[in-house]
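Asks: Next comes the structure file entry.cif, holding mmCIF, N, CA and C atoms.
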```
data_coords
#
loop_
_atom_site.label_atom_id
_atom_site.label_comp_id
_atom_site.auth_asym_id
_atom_site.auth_seq_id
_atom_site.Cartn_x
_atom_site.Cartn_y
_atom_site.Cartn_z
N MET A 1 0.83 -1.18 0.00
CA MET A 1 0.00 0.00 0.00
C MET A 1 0.88 1.25 0.00
N PHE A 2 1.44 1.64 1.13
CA PHE A 2 2.36 2.77 1.23
C PHE A 2 3.67 2.28 1.80
N SER A 3 4.76 2.78 1.26
CA SER A 3 6.04 2.49 1.91
C SER A 3 6.18 3.48 3.06
N SER A 4 7.11 3.21 3.97
CA SER A 4 7.26 4.08 5.13
C SER A 4 7.57 5.52 4.74
N SER A 5 8.22 5.74 3.61
CA SER A 5 8.52 7.10 3.19
C SER A 5 7.31 7.78 2.53
N GLU A 6 6.30 6.99 2.13
CA GLU A 6 5.11 7.53 1.48
C GLU A 6 3.93 7.66 2.41
N THR A 7 4.03 7.19 3.63
CA THR A 7 2.89 7.19 4.53
C THR A 7 2.37 8.62 4.71
N PRO A 8 1.10 8.84 4.37
CA PRO A 8 0.56 10.18 4.52
C PRO A 8 0.47 10.59 5.99
N LYS A 9 0.69 11.86 6.23
CA LYS A 9 0.59 12.41 7.57
C LYS A 9 -0.65 13.29 7.62
N LEU A 10 -1.35 13.23 8.73
CA LEU A 10 -2.55 14.05 8.90
C LEU A 10 -2.27 15.11 9.95
N ASN A 11 -2.35 16.34 9.53
CA ASN A 11 -2.22 17.47 10.44
C ASN A 11 -3.60 17.70 11.04
N ARG A 12 -3.78 17.32 12.29
CA ARG A 12 -5.10 17.42 12.92
C ARG A 12 -5.62 18.84 12.97
N ALA A 13 -4.74 19.81 12.98
CA ALA A 13 -5.17 21.21 13.04
C ALA A 13 -6.01 21.61 11.83
N VAL A 14 -5.75 20.99 10.67
CA VAL A 14 -6.53 21.35 9.48
C VAL A 14 -7.96 20.82 9.57
N LEU A 15 -8.22 19.90 10.48
CA LEU A 15 -9.57 19.37 10.66
C LEU A 15 -10.46 20.28 11.51
N ILE A 16 -9.86 21.15 12.30
CA ILE A 16 -10.62 21.96 13.25
C ILE A 16 -11.74 22.76 12.57
N PRO A 17 -11.49 23.48 11.48
CA PRO A 17 -12.60 24.21 10.85
C PRO A 17 -13.73 23.29 10.39
N HIS A 18 -13.38 22.10 9.93
CA HIS A 18 -14.40 21.16 9.46
C HIS A 18 -15.19 20.59 10.63
N LEU A 19 -14.52 20.33 11.73
CA LEU A 19 -15.22 19.85 12.92
C LEU A 19 -16.14 20.93 13.49
N MET A 20 -15.71 22.17 13.41
CA MET A 20 -16.55 23.28 13.86
C MET A 20 -17.80 23.38 12.99
N LYS A 21 -17.64 23.18 11.69
CA LYS A 21 -18.79 23.21 10.78
C LYS A 21 -19.74 22.05 11.09
N MET A 22 -19.19 20.88 11.40
CA MET A 22 -20.04 19.75 11.81
C MET A 22 -20.82 20.12 13.07
N GLY A 23 -20.18 20.85 13.98
CA GLY A 23 -20.86 21.32 15.18
C GLY A 23 -22.02 22.25 14.85
N GLU A 24 -21.84 23.09 13.82
CA GLU A 24 -22.93 23.97 13.38
C GLU A 24 -24.10 23.14 12.85
N PHE A 25 -23.79 22.10 12.09
CA PHE A 25 -24.85 21.23 11.58
C PHE A 25 -25.54 20.49 12.73
N LEU A 26 -24.77 20.09 13.72
CA LEU A 26 -25.34 19.43 14.90
C LEU A 26 -26.33 20.37 15.57
N LYS A 27 -25.97 21.63 15.72
CA LYS A 27 -26.84 22.63 16.35
C LYS A 27 -28.10 22.85 15.52
N LYS A 28 -27.95 22.95 14.18
CA LYS A 28 -29.11 23.12 13.31
C LYS A 28 -30.07 21.93 13.44
N GLY A 29 -29.50 20.75 13.47
CA GLY A 29 -30.32 19.54 13.61
C GLY A 29 -31.02 19.50 14.94
N PHE A 30 -30.32 19.87 16.00
CA PHE A 30 -30.91 19.89 17.34
C PHE A 30 -32.06 20.89 17.38
N ASP A 31 -31.83 22.09 16.86
CA ASP A 31 -32.88 23.13 16.84
C ASP A 31 -34.09 22.66 16.03
N HIS A 32 -33.84 22.02 14.89
CA HIS A 32 -34.93 21.52 14.06
C HIS A 32 -35.72 20.45 14.80
N TYR A 33 -35.02 19.55 15.46
CA TYR A 33 -35.69 18.49 16.22
C TYR A 33 -36.61 19.11 17.28
N VAL A 34 -36.09 20.09 18.02
CA VAL A 34 -36.88 20.74 19.08
C VAL A 34 -38.09 21.46 18.48
N GLN A 35 -37.91 22.15 17.36
CA GLN A 35 -39.03 22.84 16.71
C GLN A 35 -40.10 21.85 16.25
N MET A 36 -39.66 20.75 15.68
CA MET A 36 -40.63 19.75 15.21
C MET A 36 -41.36 19.10 16.39
N LYS A 37 -40.63 18.85 17.46
CA LYS A 37 -41.25 18.28 18.66
C LYS A 37 -42.29 19.25 19.21
N ALA A 38 -41.99 20.56 19.22
CA ALA A 38 -42.93 21.57 19.69
C ALA A 38 -44.18 21.61 18.80
N ALA A 39 -44.03 21.26 17.52
CA ALA A 39 -45.15 21.21 16.59
C ALA A 39 -45.84 19.84 16.64
N ASP A 40 -45.46 19.02 17.62
CA ASP A 40 -46.02 17.69 17.84
C ASP A 40 -45.74 16.73 16.68
N VAL A 41 -44.56 16.88 16.09
CA VAL A 41 -44.11 15.98 15.02
C VAL A 41 -42.99 15.12 15.58
N ASP A 42 -43.20 13.80 15.55
CA ASP A 42 -42.16 12.88 16.00
C ASP A 42 -41.15 12.69 14.88
N MET A 43 -39.89 12.86 15.21
CA MET A 43 -38.83 12.68 14.22
C MET A 43 -37.97 11.50 14.61
N ASP A 44 -37.75 10.61 13.65
CA ASP A 44 -36.80 9.53 13.91
C ASP A 44 -35.45 9.95 13.32
N PRO A 45 -34.39 9.21 13.62
CA PRO A 45 -33.07 9.60 13.13
C PRO A 45 -32.98 9.72 11.60
N ASP A 46 -33.71 8.87 10.88
CA ASP A 46 -33.64 8.93 9.42
C ASP A 46 -34.28 10.21 8.88
N MET A 47 -35.39 10.63 9.49
CA MET A 47 -36.03 11.88 9.06
C MET A 47 -35.10 13.07 9.35
N LEU A 48 -34.51 13.06 10.53
CA LEU A 48 -33.61 14.14 10.90
C LEU A 48 -32.37 14.12 10.01
N ALA A 49 -31.89 12.94 9.66
CA ALA A 49 -30.74 12.83 8.76
C ALA A 49 -31.06 13.43 7.40
N GLY A 50 -32.29 13.25 6.92
CA GLY A 50 -32.69 13.85 5.65
C GLY A 50 -32.63 15.37 5.71
N PHE A 51 -33.11 15.93 6.82
CA PHE A 51 -33.02 17.38 7.01
C PHE A 51 -31.57 17.82 7.01
N LEU A 52 -30.73 17.12 7.77
CA LEU A 52 -29.32 17.50 7.86
C LEU A 52 -28.61 17.34 6.52
N ALA A 53 -28.95 16.31 5.78
CA ALA A 53 -28.34 16.10 4.46
C ALA A 53 -28.64 17.28 3.55
N MET A 54 -29.87 17.81 3.63
CA MET A 54 -30.21 18.99 2.83
C MET A 54 -29.39 20.20 3.28
N GLN A 55 -29.18 20.33 4.58
CA GLN A 55 -28.39 21.44 5.10
C GLN A 55 -26.93 21.34 4.65
N MET A 56 -26.45 20.12 4.55
CA MET A 56 -25.05 19.88 4.20
C MET A 56 -24.80 19.85 2.69
N ASP A 57 -25.85 19.92 1.90
CA ASP A 57 -25.75 19.71 0.46
C ASP A 57 -24.70 20.58 -0.22
N SER A 58 -24.64 21.85 0.11
CA SER A 58 -23.70 22.73 -0.58
C SER A 58 -22.33 22.81 0.10
N TRP A 59 -22.16 22.09 1.18
CA TRP A 59 -20.89 22.10 1.90
C TRP A 59 -19.90 21.20 1.18
N GLU A 60 -18.76 21.74 0.82
CA GLU A 60 -17.73 20.99 0.08
C GLU A 60 -16.38 21.09 0.82
N PRO A 61 -16.24 20.42 1.96
CA PRO A 61 -14.99 20.53 2.71
C PRO A 61 -13.81 19.92 1.94
N LYS A 62 -12.68 20.60 2.03
CA LYS A 62 -11.47 20.14 1.35
C LYS A 62 -10.27 20.36 2.24
N ILE A 63 -9.28 19.51 2.08
CA ILE A 63 -7.97 19.69 2.71
C ILE A 63 -6.94 19.59 1.58
N LYS A 64 -6.14 20.62 1.46
CA LYS A 64 -5.14 20.70 0.39
C LYS A 64 -5.76 20.46 -0.98
N GLY A 65 -6.97 21.00 -1.15
CA GLY A 65 -7.67 20.88 -2.43
C GLY A 65 -8.35 19.55 -2.67
N ARG A 66 -8.20 18.62 -1.75
CA ARG A 66 -8.81 17.30 -1.91
C ARG A 66 -10.16 17.26 -1.21
N PRO A 67 -11.21 16.87 -1.93
CA PRO A 67 -12.54 16.80 -1.30
C PRO A 67 -12.57 15.73 -0.22
N LEU A 68 -13.24 16.06 0.87
CA LEU A 68 -13.36 15.11 1.98
C LEU A 68 -14.67 14.33 1.96
N MET A 69 -15.68 14.89 1.33
CA MET A 69 -17.00 14.25 1.39
C MET A 69 -17.63 14.16 0.01
N ASP A 70 -18.04 12.94 -0.35
CA ASP A 70 -18.88 12.76 -1.52
C ASP A 70 -20.32 12.67 -1.02
N THR A 71 -21.26 12.46 -1.89
CA THR A 71 -22.67 12.42 -1.51
C THR A 71 -22.94 11.34 -0.47
N GLU A 72 -22.37 10.18 -0.67
CA GLU A 72 -22.59 9.06 0.26
C GLU A 72 -22.00 9.37 1.64
N THR A 73 -20.84 9.96 1.68
CA THR A 73 -20.19 10.30 2.94
C THR A 73 -20.95 11.40 3.66
N LYS A 74 -21.49 12.36 2.91
CA LYS A 74 -22.30 13.42 3.53
C LYS A 74 -23.53 12.82 4.20
N PHE A 75 -24.18 11.89 3.49
CA PHE A 75 -25.38 11.29 4.09
C PHE A 75 -25.01 10.49 5.33
N ALA A 76 -23.90 9.77 5.28
CA ALA A 76 -23.45 9.02 6.46
C ALA A 76 -23.17 9.99 7.62
N GLY A 77 -22.56 11.13 7.32
CA GLY A 77 -22.30 12.14 8.34
C GLY A 77 -23.57 12.72 8.91
N SER A 78 -24.55 12.96 8.04
CA SER A 78 -25.82 13.51 8.52
C SER A 78 -26.55 12.49 9.39
N ARG A 79 -26.46 11.21 9.03
CA ARG A 79 -27.10 10.16 9.84
C ARG A 79 -26.40 10.02 11.19
N PHE A 80 -25.09 10.15 11.20
CA PHE A 80 -24.32 10.12 12.44
C PHE A 80 -24.76 11.25 13.37
N LEU A 81 -24.83 12.46 12.84
CA LEU A 81 -25.26 13.60 13.66
C LEU A 81 -26.69 13.43 14.14
N ALA A 82 -27.57 12.93 13.28
CA ALA A 82 -28.97 12.71 13.68
C ALA A 82 -29.05 11.68 14.81
N GLY A 83 -28.24 10.65 14.73
CA GLY A 83 -28.21 9.64 15.80
C GLY A 83 -27.74 10.24 17.11
N LEU A 84 -26.71 11.10 17.05
CA LEU A 84 -26.24 11.76 18.26
C LEU A 84 -27.35 12.59 18.90
N ILE A 85 -28.05 13.36 18.07
CA ILE A 85 -29.12 14.22 18.57
C ILE A 85 -30.23 13.39 19.20
N CYS A 86 -30.69 12.37 18.50
CA CYS A 86 -31.80 11.55 19.01
C CYS A 86 -31.41 10.83 20.29
N ASN A 87 -30.19 10.33 20.35
CA ASN A 87 -29.74 9.64 21.57
C ASN A 87 -29.59 10.62 22.73
N TYR A 88 -29.19 11.83 22.45
CA TYR A 88 -29.03 12.84 23.49
C TYR A 88 -30.39 13.25 24.06
N ILE A 89 -31.39 13.37 23.19
CA ILE A 89 -32.69 13.87 23.59
C ILE A 89 -33.58 12.80 24.22
N LYS A 90 -33.43 11.56 23.80
CA LYS A 90 -34.39 10.54 24.27
C LYS A 90 -34.34 10.37 25.79
N THR A 91 -35.48 10.03 26.32
CA THR A 91 -35.63 9.86 27.75
C THR A 91 -34.94 8.58 28.20
N PRO A 92 -34.06 8.67 29.19
CA PRO A 92 -33.38 7.46 29.66
C PRO A 92 -34.37 6.47 30.28
N GLU A 93 -34.06 5.20 30.12
CA GLU A 93 -34.89 4.16 30.71
C GLU A 93 -34.63 4.12 32.22
N PRO A 94 -35.68 3.79 33.00
CA PRO A 94 -35.45 3.64 34.44
C PRO A 94 -34.43 2.53 34.69
N ALA A 95 -33.66 2.65 35.76
CA ALA A 95 -32.59 1.70 36.07
C ALA A 95 -33.10 0.27 36.18
N GLU A 96 -34.28 0.06 36.76
CA GLU A 96 -34.77 -1.30 36.95
C GLU A 96 -35.25 -1.93 35.64
N ALA A 97 -35.48 -1.14 34.59
CA ALA A 97 -35.93 -1.68 33.31
C ALA A 97 -34.77 -2.26 32.51
N LYS A 98 -33.55 -1.96 32.89
CA LYS A 98 -32.39 -2.43 32.13
C LYS A 98 -32.08 -3.85 32.39
#
```
So that I can check it, write out the structure of this file as structure tokens.
Replies:
Amino acid sequence: MFSSSETPKLNRAVLIPHLMKMGEFLKKGFDHYVQMKAADVDMDPDMLAGFLAMQMDSWEPKIKGRPLMDTETKFAGSRFLAGLICNYIKTPEPAEAK
């Protein structure tokens, strides 16, 4: 695959702006979930992921000119964020039910 002299190095600092943008999408998804809940609409992670995917549609993150996300990866990212939101918001089960 790669020889030791070719092994790519990842500068984690270049990821910070992209992670911050993911945080913005997380906030948008959380706000949308709360608004929909207030309107008495139940949202499952897949519905929320669809909303987030639309929000992420025009986002084209790159590092050194190389694209980081294709359509499939964006949807996977939106589903990941939706899962985080839904798991954060859901009511914990009582201890004796576990």
Asks: Run the PyMOL selection byres (((chain A and resi 28-33 and name CA) around 10) and name CA) against the file shown and list the residues it catches, as an NGL selection string.
Replies: :A and (22-27 or 34-39 or 41-45 or 47-49 or 51-53 or 55 or 78 or 81-82 or 84-86 or 88-89)
Asks: Residues of chain A in alpha helix (DSSP H) according to DSSP, as a PyMOL selection string?
Replies: chain A and resi 16-38+45-56+71-89
Asks: Written as number ranges by chain, which residues does the PyMOL selection byres (((chain A and resi 61 and name CA) around 12) and name CA) give for the file shown?
Replies: A: 14-22, 56-60, 62-71, 73-74
Asks: Using Å and a single decimal, report how far atom CA of Lys90 of chain A sits from atom CA of Gly50 of chain A.
Replies: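 That distance, rounded to one decimal, is 19.0 Å.
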Asks: Provide the atom C of Glu72 of chain A to atom CA of Met54 of chain A distance in Å, to one decimal place.
Replies: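 Interatomic distance, atom C of Glu72 of chain A to atom CA of Met54 of chain A: 12.7 Å.
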Asks: From a DSSP calculation on the backbone, collect every residue of chain A in strand (DSSP E or B) and output the set as number ranges by chain.
Replies: A: 62-63, 66-67
Asks: By how many Å are atom CA of Asn87 of chain A and atom C of Asp40 of chain A apart?
Replies: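 Calculated distance between atom CA of Asn87 of chain A and atom C of Asp40 of chain A is 18.2 Å.
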Asks: What would the file be for segment 66-92 of chain A if you keep C-alpha atoms and write it as an mmCIF file, in the first residue's frame?
Replies:
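Output saved as part-v9.cif:
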```cif
data_model
loop_
_atom_site.group_PDB
_atom_site.id
_atom_site.type_symbol
_atom_site.label_atom_id
_atom_site.label_comp_id
_atom_site.auth_asym_id
_atom_site.auth_seq_id
_atom_site.Cartn_x
_atom_site.Cartn_y
_atom_site.Cartn_z
ATOM 1 C CA ARG A 66 -8.807 17.299 -1.915
ATOM 2 C CA PRO A 67 -12.537 16.801 -1.304
ATOM 3 C CA LEU A 68 -13.361 15.109 1.982
ATOM 4 C CA MET A 69 -16.997 14.252 1.389
ATOM 5 C CA ASP A 70 -18.878 12.765 -1.522
ATOM 6 C CA THR A 71 -22.668 12.422 -1.509
ATOM 7 C CA GLU A 72 -22.591 9.061 0.260
ATOM 8 C CA THR A 73 -20.194 10.299 2.943
ATOM 9 C CA LYS A 74 -22.304 13.418 3.528
ATOM 10 C CA PHE A 75 -25.378 11.293 4.094
ATOM 11 C CA ALA A 76 -23.452 9.025 6.465
ATOM 12 C CA GLY A 77 -22.295 12.137 8.344
ATOM 13 C CA SER A 78 -25.823 13.509 8.525
ATOM 14 C CA ARG A 79 -27.101 10.155 9.839
ATOM 15 C CA PHE A 80 -24.316 10.116 12.444
ATOM 16 C CA LEU A 81 -25.258 13.605 13.658
ATOM 17 C CA ALA A 82 -28.966 12.708 13.682
ATOM 18 C CA GLY A 83 -28.212 9.643 15.797
ATOM 19 C CA LEU A 84 -26.239 11.758 18.264
ATOM 20 C CA ILE A 85 -29.123 14.218 18.568
ATOM 21 C CA CYS A 86 -31.800 11.554 19.010
ATOM 22 C CA ASN A 87 -29.745 9.644 21.571
ATOM 23 C CA TYR A 88 -29.034 12.845 23.487
ATOM 24 C CA ILE A 89 -32.691 13.873 23.593
ATOM 25 C CA LYS A 90 -34.388 10.539 24.268
ATOM 26 C CA THR A 91 -35.629 9.857 27.755
ATOM 27 C CA PRO A 92 -33.383 7.462 29.657
#
```
